[in-house]
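Enquirer: Encoded as structure tokens, here's the structure I'll be asking about.
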Amino acid sequence: MIDQIIQMTLNLDMPQMSVLEWIITLGKFAFVFIPLAFIVVMIFMERKGASLIQDRLGPNRSALPVFGGLRFFGFVHNFTDGIKLFTKETFIPTYAHKVWYVVAPGIGFLVAFLTPAVIPWFAPLTWWTGDHISQVSGMIIDSDTGILLMFALSSLSIYGTAMSAWASNSKYALLGGMRATAMMISYEVSMGLSLMGIFLLAGSFNLQHIVAWQEAHVWGIFVQPVAFFVFLTSMIAETGRAPFDVAESESEIVAGYHLEYSAMRFGLFYMGEYAHIVIASIIIATLFLGGYAIPFVSTDLLRAHVDIALALCLGGLGTMIGGFHLMVRRWKKVYATMGAKDAGTRNREYSFLQFTSGVASPVVLALAVAVFFLLNPMAATTVDGTPIFPAWVSIAAAAVQVVVLIAKAFLFCWIWIWVRWTLPRFRYDQVMSLGWKILLNLALVNLVVTAIIAKLVTGVR
Amino acid sequence: MSNYYHMPKLPSADSLRVTINVDGKDVVVPGDTNLIEALRSVGIETPHFCYHPHLPLSGNCRQCLIETEGPRGMGLAIACYTPVRAGMKVATPASSPKVAKARKTVMEFQLVNHPLDCPICDKAGECLLQENYMQAGQGESHVREDIGKQYHGAPEHRFEDTKGQDRGGKDIDIGPRIILDEERCILCDRCVRFMRHVAGDEQLYIAARGDHAFITTFPGKKLDHAYDLNTTDICPVGALTSKSFRFKHRVWNLQHTPSIDPTDALGANIWIDHDGGTVYRLMPRCNSDVNRSWIANSTRAAFEALSTNRLLDGRLQGKTVTRSEALRHMMEKLQSAKKVALVSSGHLTLEDNAAMLSLAGVLGPRAEVFGGSWLPVAKPDGIALSGDPVPNRRGVSLLGIADNLDQLVSRAAEFDVVLLAETDLWFADSKQAKALEAIPNRLVLSAWDTASVKAATCAVGINAWAEVRGCMVNIAGRLQMMQAAPVSPVDALEPAWQTLSHLAGSDWNEVIEAWKFATGICSPLASIKYSAIGSSGLQLPPSGAHT
Amino acid sequence: MAKVIQRRSLTLLERSYLWEIIKGMGTTFKHLFRNFKNPEKMQLMSYPEVEVQTPQNYRGSHRLMKRPDGEPRCVACYMCSTACPARCITIEAEPSSDPRIEKKPRKFEIDWLVCVFCGLCEEACPVDAIRMDTRKVAISHYTRKEFIADMPRLLNWDPKDFPANDAQSQKAPGGKQNQQAKQIWGLEVKHS
Amino acid sequence: MISIIYFSLFASIAMGCGLYLLIAKHPLYGALALIGNMISLAGIYSLLSAPFLGVVQILTYAGAIMMLVVFVIMVLNTAHDHEVPRFDWRGVYLVPVPAALALLLLALVYFNSPVADATALRGTAQNISQFMFDTSRTDNGYWILFEFIGLLLLGAMVSAVLIAKKRLSTHKEDV
């Protein structure tokens, strides 16, 4: 019996791949943690963005007990919050449906882990291994259903909301769950339809193809501005953030579907929301902002000049650290004028940050210069008319592309925060009428117009 | 100075109806009364201080001015002393600016020496002066404050206040139960008339003259009478206040529950004034057919018992147990008893006694119901007391329960269980009650920890009279209803009818179920609904249907 | 009666909301940028490191005003407890020992956990006996019981904390006359 | 080989969910079991080289239609756990139907062995779109059928909107 199983395992119809291919293919699975890593930054960004928009300072109390309390401008607050959420009592209401109450918060979070699988993080890696061309896709799942798979998965995340609302056995939670469910179903329609135009242009559901099309032609936002607007709006609604946070409107239904949740179960909702935003941002960046593509720089061009690209990335990092250094110096001065009781402690903290960034910035800049001069991409081997680079060049270019994609995603993450702290909450009927009467129709009209123009311009069959 | 005044004639159901013209509109009013009552019958309230429907007319406050047509055309007259005449023309402030101005001016004079200390006055909230002020005297006063605030009363009560003003007459002890405030008095002489005509003991009089006049007792005497607290009720201002309620609570915070006097068979109508589960006072409830506007001081003090010496749980062989334990014990004893004596009570409502009869019905021939009381009966005083301390004696006999406590004593040996409900036999006549101690199981339902509770083998607390809804029949055969005030000291307490229904095995939850049982077994009560009883009671036919 | 204000109807651009949303986002971004650039110009205090000066007329926790002899000025009229929308004031009255004064409180309790700090008790008081000018806005205790302020606590305030030109805060009305009146009535003047 | 492991996994999940749907105490649990069934079915579609079908199965049935069912169950909330029996004995009468279906399927498989060729991609987006929309196809294309169904659904939607609209307008007249 056991022998048979071992035999079966050995007989698994695995593709034949080289070691490097295996490493990259498996290593790609690390990308599912990108939303998780984003969350930490997102929460910080949200808090600081909100506070600055509202003319206040935001979190600035939690500190590491070194150098007079390192606070990193409130960044430490996230971790204290995390500790708090993990160590609080996880409370289950008496009449809750226990199993679903426990399971439901995880569903949305699980989906957040699955969706990065369909996103192209970089252009397909190609390198010459000596006897053949190795090729590794930029996505974890390279399927031609592509983004539909993501939609299918994210449509399942509604069950997390709905079941948590129902399992709480609370009227407010149920009302919130109802609202969330109805809204998500409504906006999924216009969300899907709005993308049809860009699918039509790219001729594929596969995000890799869509990005390649944008790289070759023009960014999606320029050919599909209406679709961009509709998709962005629908995505904000899907994430249930202001101005579409009717599902948790505290003035009406206390906290909506996560009313009865406490500690880390609530934390899962909280993090799920941010993970959702991150995914949505990456998707929008991929669909409408050319994904990993750098404007006017094709993947081949990037690979040919990967040393410049890396140097620019490092130079940017060094400049940012330099900017941080200047900011710290400024803050140090400002705090000294406030006449606060803890001026001495703060001074030590700012001095440490000033020193560290002051040292790090020139070092990184020097590194950038070194990279520019020392790295020298080997000349490409041309195979069937396409230049093929060595493996490390492809991987370095892929790293640059991941950075570019993440930078674009950050832009949209910021838009999420920006919109939230600008616009007031919609009324529920307004949400519904916007979804069904305006966005859906816009998406349909956009699809028809795109189809006609595409037919006229390209003369596709 | 004649001491005789006319009593006002009050309208009744069979009053002659006449048509008069009020403010240019013809209205039909009772023809045998004065204008205040006639106007009230058509919904026009006339402000007044000295007029009281159950006191002789005096007409000294001049506040109830209206205009009527006289020999010289329309002229001012006081409504309380003007009888209704068919076809007369009357003008109220609604149509006559003259009347409005006159009333306003009179109000200004009333207020000349009246201090504006409503916030600390105990009468505030039920003060006629305060109520009428906005209606008749709104606007600014013509009296300058420094001149107006002059005290002219008894010189021995004069003092200079914290603001340096000449004041006096505060806080004068004129009797064991009453405090007088001369400064607030507007000299309506209602209290004087009450003591003279109703109490029949003239203890108060108006001393001095003009603006020096003040109310006082005769020299060397105190205001001390069994009905003297009624003067605090009829006082239209805060001049006479009772010591027991003084500074206890503000009247606007009180809730009022209509009830009837639990200490006397006349069943004087009362209000239970309570707030936050505490009864603060009992006030007379006007019922022209029973007690008019008066109640005795003894009635007024009945609320004090509600918070003292209450039996809030159960007693078993003198030990304190929970209510349910005691009830379980009672149920066992009743079920295993060979012969049960159930003693009904005239202190309980008809519903409670009906529940006892239903218990007797459940127990069948093993049970025998006794009734009556050993409390001594005094003579009626003609005001608000009948002298009989058992308030529902008529009701118990109406239900067919004979007055046969003496039989119970003589046949005590026959019984092995006796159930007493709110009948304190050991207090009423401890010698006769001694014979009952031959009965091995003495079960008592009582709201208070009485002598009977101490003599009982098992006792259980019930709601007292103020906390239950139910009906009683007064000595004149008038069916009256008491409403439940939410003042039960412990939530677990139940009314007697509910406890008895538990013992009978039938769980009545609403008092109406007990009432339906009572109407079913008692022909005079048959087909009487609660809604038919009304606030002033229902006179039962005098056929004497009781056995 | 009611004046009807004719609202200007929205233009097409405004009705599309998009342009207005962009304008609004411009506003918030302006704030963000300004605060990022000049954080020192933000109107804020780094409480508790930086002391906050609460204005004198800010509604803080209550205090009871005193007569010159240290007795509460309150006459137990219940006006404050009647006006209180939160019903947080409990008063029990008793006759005053000073014959010129009718009532005084035997018990005067304010439950600060229930209080909504609306100031209606101040408004209602006919004798200016209760005030909310202590400028104590952060009331913190360890138990619920400690939040119920009784009369000694409400009377326990220091005249030095209040402006000297506020005569009411320093001494009760009557002043010299009051003292004379006390002498006339043969009452001992017990000055604190 | 790996596909057989996946298939047995999906199949057992589908069977388990289906069984639970029958015996679920609460209709909501039944509905959730049905969703699990559909998701595993989508997995089986993908194994049969029809990933598009699988994705659409999840998107349409599990994501949208079952969500509406769950929504309705939650709103109505008429089912109380203690009142619903774990197994309705009347359901026994329905056993022959699935049994007969299963027998039929077995017979079909036995006499007409399936030609599941995993290498032939039949359910990809491209293939399906050609089936659906290629008007130039001469063999069994479905575009006319597709257009008819589209028209039918459009008609149904318009009439639903009209019905809802009518009620809204009468409501306004009342006010």
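Identifiers in the structure tokens: chain A, B, ... in order shown; residue index from 1 per chain; ligand index from 1 in order shown.
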Could you please write out, as a list in words, every residue of region 10-189 of chain C that DSSP assigns to strand (DSSP E or B)?
Expert: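 Taking region 10-189 of chain C and keeping strand (DSSP E or B) gives Arg63, Leu64, Lys66, Pro72, Ile89, Thr90, Ile91, Glu92, Ala93, Glu94, Pro95, Lys103, Lys104, Pro105, Arg106, Lys107, Phe108, Glu109, Ile110, Asp111, Ile130, Arg131, Ile148 and Ala149 of chain C.
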Enquirer: Quick one: which chain B residues come within 8 Å of chain C, and what is the nearest atom pair for each with the distance in Å to one decimal, counting only C-alpha atoms, rows ordered by chain and ascending number, as JSON lines?
Expert:
```
{"residue": "B:Pro119", "atom": "CA", "partner": "C:Cys77", "partner_atom": "CA", "distance": 4.9}
{"residue": "B:Ile120", "atom": "CA", "partner": "C:Cys77", "partner_atom": "CA", "distance": 4.8}
{"residue": "B:Cys121", "atom": "CA", "partner": "C:Cys77", "partner_atom": "CA", "distance": 7.9}
{"residue": "B:Phe159", "atom": "CA", "partner": "C:Arg100", "partner_atom": "CA", "distance": 7.6}
{"residue": "B:Glu160", "atom": "CA", "partner": "C:Ala181", "partner_atom": "CA", "distance": 6.7}
{"residue": "B:Asp161", "atom": "CA", "partner": "C:Arg100", "partner_atom": "CA", "distance": 5.7}
{"residue": "B:Thr162", "atom": "CA", "partner": "C:Asn178", "partner_atom": "CA", "distance": 5.4}
{"residue": "B:Lys163", "atom": "CA", "partner": "C:Gly174", "partner_atom": "CA", "distance": 5.4}
{"residue": "B:Gly164", "atom": "CA", "partner": "C:Gln177", "partner_atom": "CA", "distance": 6.5}
{"residue": "B:Lys170", "atom": "CA", "partner": "C:Arg100", "partner_atom": "CA", "distance": 8.0}
{"residue": "B:Asp171", "atom": "CA", "partner": "C:Glu102", "partner_atom": "CA", "distance": 7.7}
{"residue": "B:Phe247", "atom": "CA", "partner": "C:Ala93", "partner_atom": "CA", "distance": 5.6}
{"residue": "B:Lys248", "atom": "CA", "partner": "C:Ala93", "partner_atom": "CA", "distance": 6.6}
{"residue": "B:His249", "atom": "CA", "partner": "C:Glu92", "partner_atom": "CA", "distance": 7.9}
{"residue": "B:Arg250", "atom": "CA", "partner": "C:Tyr78", "partner_atom": "CA", "distance": 7.3}
```
Enquirer: For the selection just defined, write its residues with N, CA and C atoms to a file, as a tab-separated table (two decimals), in the first residue's frame.
Expert:
```
chain	number	residue	atom	x	y	z
B	119	PRO	N	-38.87	78.67	44.03
B	119	PRO	CA	-37.96	77.52	44.04
B	119	PRO	C	-37.83	76.83	45.39
B	120	ILE	N	-37.92	77.61	46.48
B	120	ILE	CA	-37.77	76.94	47.76
B	120	ILE	C	-39.11	76.74	48.46
B	121	CYS	N	-40.19	77.11	47.79
B	121	CYS	CA	-41.50	76.94	48.40
B	121	CYS	C	-42.01	75.54	48.13
B	159	PHE	N	-37.86	90.13	60.52
B	159	PHE	CA	-36.40	90.04	60.49
B	159	PHE	C	-35.86	90.64	59.20
B	160	GLU	N	-34.57	90.86	59.21
B	160	GLU	CA	-33.92	91.38	58.01
B	160	GLU	C	-33.22	90.21	57.32
B	161	ASP	N	-33.47	90.07	56.02
B	161	ASP	CA	-32.95	88.87	55.38
B	161	ASP	C	-31.52	89.06	54.90
B	162	THR	N	-30.96	88.07	54.21
B	162	THR	CA	-29.56	88.12	53.81
B	162	THR	C	-29.28	89.23	52.82
B	163	LYS	N	-30.35	89.71	52.17
B	163	LYS	CA	-30.14	90.81	51.24
B	163	LYS	C	-30.48	92.15	51.88
B	164	GLY	N	-30.76	92.14	53.15
B	164	GLY	CA	-31.02	93.37	53.86
B	164	GLY	C	-32.45	93.84	53.77
B	170	LYS	N	-41.75	83.96	58.70
B	170	LYS	CA	-41.35	82.67	58.13
B	170	LYS	C	-41.34	81.59	59.22
B	171	ASP	N	-41.66	80.39	58.78
B	171	ASP	CA	-41.37	79.21	59.58
B	171	ASP	C	-41.97	79.29	60.99
B	247	PHE	N	-40.14	69.87	52.74
B	247	PHE	CA	-38.77	69.68	52.22
B	247	PHE	C	-38.47	68.24	51.82
B	248	LYS	N	-39.48	67.38	51.82
B	248	LYS	CA	-39.19	65.99	51.49
B	248	LYS	C	-38.96	65.80	49.99
B	249	HIS	N	-39.82	66.41	49.19
B	249	HIS	CA	-39.73	66.17	47.76
B	249	HIS	C	-40.41	67.33	47.04
B	250	ARG	N	-40.04	67.51	45.77
B	250	ARG	CA	-40.73	68.54	45.00
B	250	ARG	C	-41.93	67.92	44.32
```
Enquirer: If you count only C-alpha atoms, which residues fall within 10 Å of region 318-332 of chain B, apart from same-chain ones fewer than 4 positions away, as an NGL selection string?
Expert: :B and (311-314 or 336-337 or 417 or 419 or 441-445 or 453-462 or 492-494 or 499-500 or 502-505)
Enquirer: Export, as a PDB file, in the first residue's frame, the selected residues with C-alpha atoms.
Expert:
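The new file again_25.pdb reads:
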```
ATOM      1  CA  LEU B 311     -42.718  41.097  55.541  1.00  0.00           C
ATOM      2  CA  LEU B 312     -40.732  40.765  52.325  1.00  0.00           C
ATOM      3  CA  ASP B 313     -40.013  37.028  52.351  1.00  0.00           C
ATOM      4  CA  GLY B 314     -41.380  33.912  53.972  1.00  0.00           C
ATOM      5  CA  SER B 336     -52.422  17.087  53.136  1.00  0.00           C
ATOM      6  CA  ALA B 337     -54.927  18.862  55.389  1.00  0.00           C
ATOM      7  CA  VAL B 417     -54.880  24.079  59.009  1.00  0.00           C
ATOM      8  CA  LEU B 419     -55.035  30.227  56.539  1.00  0.00           C
ATOM      9  CA  ASN B 441     -50.721  24.643  61.040  1.00  0.00           C
ATOM     10  CA  ARG B 442     -51.291  28.369  61.086  1.00  0.00           C
ATOM     11  CA  LEU B 443     -50.558  29.851  57.653  1.00  0.00           C
ATOM     12  CA  VAL B 444     -50.518  33.608  57.252  1.00  0.00           C
ATOM     13  CA  LEU B 445     -50.348  35.873  54.229  1.00  0.00           C
ATOM     14  CA  VAL B 453     -47.014  36.422  61.559  1.00  0.00           C
ATOM     15  CA  LYS B 454     -45.130  35.822  64.778  1.00  0.00           C
ATOM     16  CA  ALA B 455     -47.809  33.390  65.943  1.00  0.00           C
ATOM     17  CA  ALA B 456     -47.921  31.590  62.587  1.00  0.00           C
ATOM     18  CA  THR B 457     -46.180  28.350  61.710  1.00  0.00           C
ATOM     19  CA  CYS B 458     -45.667  29.593  58.198  1.00  0.00           C
ATOM     20  CA  ALA B 459     -46.058  33.084  56.790  1.00  0.00           C
ATOM     21  CA  VAL B 460     -45.446  34.670  53.431  1.00  0.00           C
ATOM     22  CA  GLY B 461     -45.189  38.314  52.418  1.00  0.00           C
ATOM     23  CA  ILE B 462     -47.626  39.883  49.985  1.00  0.00           C
ATOM     24  CA  ALA B 492     -40.752  39.226  44.110  1.00  0.00           C
ATOM     25  CA  LEU B 493     -43.784  40.205  46.163  1.00  0.00           C
ATOM     26  CA  GLU B 494     -47.143  39.284  44.744  1.00  0.00           C
ATOM     27  CA  THR B 499     -50.495  34.121  45.964  1.00  0.00           C
ATOM     28  CA  LEU B 500     -53.841  32.536  46.741  1.00  0.00           C
ATOM     29  CA  HIS B 502     -50.877  29.824  43.282  1.00  0.00           C
ATOM     30  CA  LEU B 503     -52.038  27.944  46.373  1.00  0.00           C
ATOM     31  CA  ALA B 504     -55.203  27.003  44.517  1.00  0.00           C
ATOM     32  CA  GLY B 505     -53.138  25.698  41.644  1.00  0.00           C
TER      33      GLY B 505
END
```
Enquirer: Near Leu114 (chain A), counting only C-alpha atoms, which residues have an atom at most 8 Å away, once you skip same-chain residues fewer than 3 positions from it, shown as a PyMOL selection string?
Expert: chain A and resi 32+110-111+117+153
Enquirer: Hey, can you check how far CA of Leu306 (chain B) sits from CA of Asn253 (chain B)?
Expert: 19.7 Å
Enquirer: How far is it from CA of Leu57 (chain B) to CA of Leu76 (chain B), in Å with one decimal?
Expert: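 According to the coordinates, CA of Leu57 (chain B) and CA of Leu76 (chain B) are separated by 17.9 Å.
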Enquirer: Using DSSP assignments from the backbone, pull out every residue in region 9-169 of chain C that falls under alpha helix (DSSP H) and give it to me as number ranges by chain.
Expert: C: 12-15, 18-37, 79-83, 120-124, 151-155, 167-169
Enquirer: Would you export the selected residues with N, CA and C atoms as a compact mmCIF listing (two decimals), in the first residue's frame, please?
Expert:
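Result written to selection03.txt:
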```txt
# COMPACT_ATOMS: atom_id res chain seq x y z
N LEU C 12 -24.83 71.45 -14.47
CA LEU C 12 -24.58 70.09 -14.96
C LEU C 12 -23.28 69.55 -14.37
N LEU C 13 -22.29 70.42 -14.32
CA LEU C 13 -20.99 70.00 -13.79
C LEU C 13 -21.12 69.57 -12.34
N GLU C 14 -21.89 70.36 -11.60
CA GLU C 14 -22.06 70.03 -10.19
C GLU C 14 -22.88 68.77 -10.02
N ARG C 15 -23.86 68.59 -10.93
CA ARG C 15 -24.72 67.43 -10.79
C ARG C 15 -23.96 66.13 -11.09
N LEU C 18 -18.55 64.72 -10.09
CA LEU C 18 -17.17 64.32 -10.25
C LEU C 18 -16.24 65.50 -10.02
N TRP C 19 -16.60 66.63 -10.65
CA TRP C 19 -15.74 67.80 -10.54
C TRP C 19 -15.70 68.29 -9.09
N GLU C 20 -16.86 68.23 -8.44
CA GLU C 20 -16.91 68.68 -7.05
C GLU C 20 -16.08 67.76 -6.16
N ILE C 21 -16.13 66.47 -6.48
CA ILE C 21 -15.33 65.53 -5.69
C ILE C 21 -13.85 65.85 -5.85
N ILE C 22 -13.48 66.15 -7.10
CA ILE C 22 -12.06 66.48 -7.34
C ILE C 22 -11.69 67.76 -6.60
N LYS C 23 -12.62 68.72 -6.58
CA LYS C 23 -12.34 69.95 -5.84
C LYS C 23 -12.16 69.67 -4.35
N GLY C 24 -13.05 68.81 -3.84
CA GLY C 24 -12.95 68.46 -2.42
C GLY C 24 -11.64 67.75 -2.11
N MET C 25 -11.26 66.87 -3.00
CA MET C 25 -10.00 66.17 -2.78
C MET C 25 -8.83 67.14 -2.87
N GLY C 26 -8.99 68.16 -3.71
CA GLY C 26 -7.97 69.21 -3.76
C GLY C 26 -7.84 69.90 -2.41
N THR C 27 -8.99 70.17 -1.82
CA THR C 27 -8.96 70.84 -0.51
C THR C 27 -8.22 70.00 0.51
N THR C 28 -8.60 68.71 0.59
CA THR C 28 -7.95 67.86 1.59
C THR C 28 -6.45 67.73 1.30
N PHE C 29 -6.13 67.68 0.00
CA PHE C 29 -4.71 67.55 -0.30
C PHE C 29 -3.95 68.82 0.08
N LYS C 30 -4.64 69.95 -0.08
CA LYS C 30 -4.02 71.21 0.32
C LYS C 30 -3.67 71.17 1.81
N HIS C 31 -4.62 70.70 2.58
CA HIS C 31 -4.38 70.59 4.03
C HIS C 31 -3.20 69.66 4.29
N LEU C 32 -3.25 68.51 3.64
CA LEU C 32 -2.20 67.52 3.86
C LEU C 32 -0.83 68.11 3.53
N PHE C 33 -0.77 68.76 2.38
CA PHE C 33 0.51 69.29 1.94
C PHE C 33 1.01 70.37 2.89
N ARG C 34 0.07 71.25 3.26
CA ARG C 34 0.45 72.35 4.16
C ARG C 34 0.96 71.80 5.49
N ASN C 35 0.24 70.82 6.03
CA ASN C 35 0.63 70.29 7.33
C ASN C 35 1.92 69.48 7.25
N PHE C 36 2.12 68.85 6.10
CA PHE C 36 3.36 68.09 5.93
C PHE C 36 4.55 69.05 5.83
N LYS C 37 4.29 70.18 5.18
CA LYS C 37 5.36 71.13 4.96
C LYS C 37 5.65 71.94 6.23
N MET C 79 -34.04 72.90 41.45
CA MET C 79 -34.17 73.42 40.09
C MET C 79 -33.14 72.75 39.18
N CYS C 80 -31.94 72.56 39.70
CA CYS C 80 -30.90 71.95 38.86
C CYS C 80 -31.24 70.51 38.54
N SER C 81 -31.73 69.76 39.55
CA SER C 81 -32.04 68.36 39.28
C SER C 81 -33.24 68.26 38.37
N THR C 82 -34.15 69.27 38.44
CA THR C 82 -35.28 69.25 37.52
C THR C 82 -34.83 69.57 36.10
N ALA C 83 -33.91 70.52 35.99
CA ALA C 83 -33.46 70.91 34.66
C ALA C 83 -32.53 69.89 34.04
N LEU C 120 -26.96 73.09 32.07
CA LEU C 120 -28.33 73.53 32.36
C LEU C 120 -28.54 73.75 33.85
N CYS C 121 -27.79 73.02 34.69
CA CYS C 121 -27.94 73.21 36.14
C CYS C 121 -27.48 74.61 36.53
N GLU C 122 -26.40 75.05 35.92
CA GLU C 122 -25.93 76.42 36.16
C GLU C 122 -27.00 77.43 35.78
N GLU C 123 -27.60 77.19 34.60
CA GLU C 123 -28.61 78.12 34.11
C GLU C 123 -29.81 78.14 35.03
N ALA C 124 -30.17 76.96 35.56
CA ALA C 124 -31.40 76.85 36.33
C ALA C 124 -31.25 77.43 37.73
N MET C 151 -21.33 66.45 48.60
CA MET C 151 -21.28 67.88 48.90
C MET C 151 -19.91 68.34 49.38
N PRO C 152 -19.25 67.64 50.30
CA PRO C 152 -17.92 68.13 50.70
C PRO C 152 -16.95 68.26 49.54
N ARG C 153 -17.03 67.32 48.59
CA ARG C 153 -16.12 67.43 47.45
C ARG C 153 -16.47 68.59 46.55
N LEU C 154 -17.77 68.83 46.40
CA LEU C 154 -18.18 69.94 45.54
C LEU C 154 -17.87 71.28 46.18
N LEU C 155 -17.82 71.29 47.53
CA LEU C 155 -17.52 72.54 48.23
C LEU C 155 -16.03 72.76 48.38
N ALA C 167 -16.26 88.63 42.41
CA ALA C 167 -16.63 88.72 43.82
C ALA C 167 -17.45 87.52 44.25
N GLN C 168 -18.26 87.01 43.30
CA GLN C 168 -19.12 85.88 43.64
C GLN C 168 -18.30 84.66 44.02
N SER C 169 -17.19 84.51 43.35
CA SER C 169 -16.36 83.35 43.65
C SER C 169 -15.71 83.49 45.00
```
Enquirer: Can you pull out the residues contacting region 437-439 of chain B? Cut-off 12 Å, using only C-alpha atoms, and skip same-chain residues under 4 positions away; I want them as a list in words.
Expert: Ala337, Lys338, Lys339, Val340, Ala341, Leu408, Val409, Ser410, Arg411, Ala412, Ala413, Glu414, Phe415, Asp416, Val417, Val418, Leu419, Leu425, Trp426, Ser430, Lys431, Gln432, Ala433, Leu443, Ser452, Lys454, Ala455, Ala456 and Thr457 of chain B
Enquirer: Just give me the gap between CA of Leu41 (chain D) and CA of Ile13 (chain D) in Å, one decimal is fine.
Expert: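 According to the coordinates, CA of Leu41 (chain D) and CA of Ile13 (chain D) are separated by 9.0 Å.
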Enquirer: Find the residue from A:Phe222, A:Tyr187, A:Phe72, A:Phe205 that sits nearest to Ala237 (chain A); use only C-alpha atoms when measuring.
Expert: A:Tyr187
